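Asks: This is the structure I have questions about; it appears just below.
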Amino acid sequence: MLSKLVSDFGELPVSQKALLVAAGVGSIALLSAGGYLVKKRIENTPPKQWRKVGELAELYVYPIKSCAPVIMQQVDCADIGPQRNFLRDRIFMVTNASGAFVTARMKPKMVLIQPRFDERYETMFLTAPGMPELRVDVRNLAAGPSDTDGGDPVRSTVWGESVPMVDCGNEVARWFSRYLLDKEEGYRLRYYPLAYTSRQKNGSDTGALQDETSYMLFNEASVTDLNRRLENKVTVLQFRPNFVVRGPEAYAEDRWRWVRIGEVVFRYEIPCLRCVFTTIDPTSGVPHPDKEPLRTLKQYRQMPAYGESPALGIHLGLRHAGTIKLGDPVYFA
């Protein structure tokens with residue numbers, strides 16, 4: 001195309017030819033960029049036709065990455081994940097002294113750290129076996145640095161990405177260090193203060209501190225089918241979903257490109273690939289000696305395009321915000 005453009009210039013001065021070539025290149029770039037934007041807009045436009053598939057049966061928020069969930073009746077859906085005021089999904093993270101994230105893959109008994117919130121969802125209380133209850137004022141952390149213990153801005157690392165965090169202070173650090181390390185120091189608890197993601201992994205859908213995206217869903221029948229293959233049955237909490245849907249056949253969620261819960265719309269991003277975390281019993285904090293249910297999942301739930309890790313559930317990105325509650329109808333397209 002450019003050679004044809006140059007040949008049509010005739011005997012124009014070289015400087016004018018250069019300007020015209022530059023204009024042509026710019027026009028082509030603009031057309032390409034425009035085409036890309038149109039394509040992305042189409043991909044992110046929700047469908048007009050939906051099929052009802054079931055209802056929302058269970059709803060979970062995990063305030064601290066790798067720790068136990070808070071069972072919810074209703075949540076607001078924002079870009080970084082489900083929330084109610086200062087209760088937000090994966091908004092806290094345990095780190096070592098250098099700021100690298102710590103998960104239950106390294107310290108399985110993290111799953112026994114149980115958060116609860118006050119009725120205003122401003123203060124978090126933590127319990128763990130053999131530990132006194134710990135109070136964390138989330139509202140003050142969200143307000144930024146203060147003169148009291150904690151509130152210091154720091155950088156931490158999650159899956160190789162540096163993120164801005166707020167340190168929760170020495171008292172909280174001692175509690176986590178004593179429980180997880182049997183020491184007075186070594187681990188910190190840190191809080192993600194932004195209302196949007198600062199990470200690049202999956203763009204704006206990455207969430208605050210989540211592994212992949214800000215929402216994860218699977219269907220109750222998928223776990224029922226898995227349990228038919230297991231000697232020791234598992235519960236949905238072994239897979240740490242936000243949303244559990246009741247109604248569709250097992251693994252039907254694999255084929256959903258769009259999901260609507262009530263009036264809140266999500267787009268499918270990637271399958272949820274499973275790791276050794278699934279082998280940790282959420283009631284005991286002890287990994288299964290035979291690496292179940294991961295071993296069984298690998299026998300029938302591997303997807304060649306994603307390597308050896310088996311899939312169970314789907315990661316979603318929010319496309320239309322709103323509030324959802326238990327019992328809401330679930331649709332797909």
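By convention here, the chains of the structure tokens are called A, B, ... in the order presented, each chain's residues are numbered starting at 1, and ligands are numbered starting at 1 in the order presented.
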Out of stretch 152-282 of chain A, which residues get helix (DSSP H, G or I) from DSSP, as a ChimeraX atom specification?
Replies: /A:170-181,203-205,220-228,236-238,252-255,276-279
Asks: Go through stretch 61-104 of chain A and flag each residue having an atom no more than 9 Å from stretch 160-177 of chain A; for those, report the closest pair of atoms plus their distance in Å to one decimal, using only C-alpha atoms, ordered by chain and rising number, as a tab-separated table.
Replies:
residue	atom	partner	partner_atom	distance
A:Phe92	CA	A:Met165	CA	8.9
A:Val94	CA	A:Phe176	CA	8.1
A:Ala100	CA	A:Gly160	CA	8.7
Asks: Quick one: pull the distance between atom CA of A:Ala78 and atom CA of A:Thr278, Å, one decimal.
Replies: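 Going from atom CA of A:Ala78 over to atom CA of A:Thr278 covers 26.5 Å.
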Asks: Rank nothing, just name the residue among A:Asn227, A:Asn232, A:Thr213, A:Gln299 nearest to A:Pro82, using only C-alpha atoms.
Replies: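 For A:Pro82, the nearest of the candidates is A:Thr213.
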Asks: For each of A:Tyr306, A:Tyr331, A:Tyr62, A:Phe101, take the minimum atom-to-atom distance to A:Pro115, counting only C-alpha atoms, then give the residue where this is smallest.
Replies: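 Answer, going by the shortest atom-to-atom distance: A:Tyr62.
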Asks: At a cut-off of 12 Å, using only C-alpha atoms, what residues contact A:Tyr191? Leave out same-chain residues fewer than 4 positions from it and give the result as a CSV table (one decimal) with N, CA and C atoms, in the first residue's frame.
Replies:
chain,number,residue,atom,x,y,z
A,63,PRO,N,-11.3,-12.1,53.1
A,63,PRO,CA,-10.6,-10.8,53.3
A,63,PRO,C,-9.1,-10.9,53.3
A,64,ILE,N,-8.5,-12.1,53.8
A,64,ILE,CA,-7.1,-12.3,53.9
A,64,ILE,C,-6.7,-13.4,52.9
A,65,LYS,N,-5.8,-13.1,52.0
A,65,LYS,CA,-5.4,-14.1,51.0
A,65,LYS,C,-4.9,-15.4,51.8
A,86,PHE,N,-15.9,-2.0,54.1
A,86,PHE,CA,-14.4,-2.3,54.2
A,86,PHE,C,-14.1,-3.8,54.2
A,87,LEU,N,-15.2,-4.6,54.2
A,87,LEU,CA,-14.9,-6.1,53.9
A,87,LEU,C,-14.8,-6.3,52.4
A,88,ARG,N,-13.6,-6.7,52.0
A,88,ARG,CA,-13.3,-6.8,50.6
A,88,ARG,C,-12.5,-8.1,50.3
A,89,ASP,N,-12.6,-8.6,49.2
A,89,ASP,CA,-12.0,-9.9,48.8
A,89,ASP,C,-10.5,-9.8,48.6
A,90,ARG,N,-9.7,-10.6,49.3
A,90,ARG,CA,-8.3,-10.7,49.1
A,90,ARG,C,-7.7,-9.3,49.2
A,91,ILE,N,-8.1,-8.5,50.2
A,91,ILE,CA,-7.6,-7.2,50.4
A,91,ILE,C,-6.4,-7.1,51.4
A,92,PHE,N,-6.3,-8.2,52.2
A,92,PHE,CA,-5.1,-8.3,53.1
A,92,PHE,C,-4.2,-9.5,52.6
A,93,MET,N,-3.0,-9.4,53.0
A,93,MET,CA,-2.0,-10.4,52.6
A,93,MET,C,-0.9,-10.6,53.6
A,94,VAL,N,-0.6,-11.8,54.0
A,94,VAL,CA,0.5,-12.1,54.9
A,94,VAL,C,1.8,-12.1,54.0
A,95,THR,N,2.8,-11.4,54.6
A,95,THR,CA,4.1,-11.3,53.9
A,95,THR,C,5.2,-11.7,54.8
A,99,GLY,N,8.6,-8.5,52.3
A,99,GLY,CA,7.4,-8.1,51.6
A,99,GLY,C,6.8,-9.1,50.6
A,101,PHE,N,4.7,-12.3,49.4
A,101,PHE,CA,3.5,-12.9,49.9
A,101,PHE,C,3.7,-14.3,50.4
A,136,VAL,N,-8.5,-5.7,64.2
A,136,VAL,CA,-7.9,-4.9,63.1
A,136,VAL,C,-8.9,-3.8,62.7
A,137,ASP,N,-8.5,-2.6,62.9
A,137,ASP,CA,-9.3,-1.5,62.5
A,137,ASP,C,-9.1,-1.2,61.0
A,138,VAL,N,-10.0,-1.7,60.2
A,138,VAL,CA,-9.8,-1.6,58.7
A,138,VAL,C,-10.1,-0.2,58.2
A,139,ARG,N,-11.0,0.4,58.9
A,139,ARG,CA,-11.4,1.8,58.5
A,139,ARG,C,-10.2,2.7,58.6
A,140,ASN,N,-9.4,2.6,59.7
A,140,ASN,CA,-8.3,3.5,59.9
A,140,ASN,C,-7.2,3.1,58.9
A,141,LEU,N,-7.0,1.9,58.5
A,141,LEU,CA,-6.0,1.5,57.5
A,141,LEU,C,-6.3,2.1,56.2
A,142,ALA,N,-7.6,2.1,55.9
A,142,ALA,CA,-8.1,2.6,54.6
A,142,ALA,C,-7.9,4.1,54.5
A,143,ALA,N,-7.8,4.8,55.7
A,143,ALA,CA,-7.7,6.2,55.7
A,143,ALA,C,-6.3,6.7,55.4
A,144,GLY,N,-5.3,5.7,55.5
A,144,GLY,CA,-3.9,6.0,55.1
A,144,GLY,C,-3.0,6.1,56.3
A,145,PRO,N,-1.8,6.5,56.1
A,145,PRO,CA,-0.8,6.5,57.2
A,145,PRO,C,-1.2,7.4,58.4
A,150,GLY,N,1.3,1.0,62.9
A,150,GLY,CA,0.7,0.6,61.7
A,150,GLY,C,0.4,1.7,60.8
A,151,GLY,N,-0.1,1.4,59.6
A,151,GLY,CA,-0.5,2.5,58.7
A,151,GLY,C,0.7,2.9,57.8
A,152,ASP,N,1.8,2.3,57.9
A,152,ASP,CA,3.0,2.7,57.1
A,152,ASP,C,2.8,2.2,55.7
A,153,PRO,N,3.0,3.1,54.7
A,153,PRO,CA,3.0,2.7,53.3
A,153,PRO,C,4.2,1.9,52.9
A,154,VAL,N,4.0,0.7,52.3
A,154,VAL,CA,5.2,-0.2,51.9
A,154,VAL,C,4.8,-0.8,50.5
A,155,ARG,N,5.8,-1.4,49.9
A,155,ARG,CA,5.6,-2.2,48.7
A,155,ARG,C,5.7,-3.7,49.1
A,156,SER,N,4.9,-4.5,48.5
A,156,SER,CA,4.9,-5.9,48.6
A,156,SER,C,4.9,-6.6,47.3
A,163,VAL,N,3.2,-4.3,44.5
A,163,VAL,CA,1.9,-3.6,44.8
A,163,VAL,C,2.1,-2.7,46.0
A,164,PRO,N,1.4,-1.6,46.0
A,164,PRO,CA,1.4,-0.7,47.1
A,164,PRO,C,0.5,-1.3,48.3
A,165,MET,N,1.1,-1.2,49.5
A,165,MET,CA,0.4,-1.8,50.6
A,165,MET,C,0.5,-0.9,51.8
A,166,VAL,N,-0.3,-1.2,52.8
A,166,VAL,CA,-0.2,-0.5,54.1
A,166,VAL,C,0.0,-1.5,55.2
A,167,ASP,N,1.1,-1.4,55.9
A,167,ASP,CA,1.4,-2.3,57.0
A,167,ASP,C,0.5,-2.2,58.2
A,168,CYS,N,0.1,-3.3,58.7
A,168,CYS,CA,-0.9,-3.3,59.8
A,168,CYS,C,-0.3,-3.2,61.2
A,169,GLY,N,1.0,-3.0,61.3
A,169,GLY,CA,1.6,-2.7,62.6
A,169,GLY,C,2.2,-3.9,63.3
A,172,VAL,N,-0.1,-6.7,65.2
A,172,VAL,CA,-0.7,-7.7,64.3
A,172,VAL,C,0.4,-8.6,63.7
A,195,ALA,N,-8.8,1.3,45.4
A,195,ALA,CA,-10.1,0.8,44.9
A,195,ALA,C,-10.1,0.2,43.5
A,208,ALA,N,-7.5,-7.1,43.5
A,208,ALA,CA,-6.5,-6.6,44.4
A,208,ALA,C,-5.3,-7.5,44.6
A,209,LEU,N,-5.5,-8.6,45.2
A,209,LEU,CA,-4.4,-9.6,45.5
A,209,LEU,C,-4.7,-11.0,45.1
Asks: Skipping near chain neighbours, those fewer than 4 positions away, what residues fall within 12 Å of stretch 41-55 of chain A using only C-alpha atoms, listed as number ranges by chain?
Replies: A: 34-37, 59, 218-221, 243-250, 252-253, 256-269, 317-320, 324-333
Asks: Please, what distance in Å, to one decimal, runs between atom CA of A:Val223 and atom CA of A:Glu308?
Replies: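 Here the two named atoms are 19.8 Å from each other.
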Asks: For A:Gln83, which of A:Leu316, A:Ala321, A:Val61, A:Val276 is the closest residue, counting only C-alpha atoms?
Replies: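 For A:Gln83, the nearest of the candidates is A:Val61.
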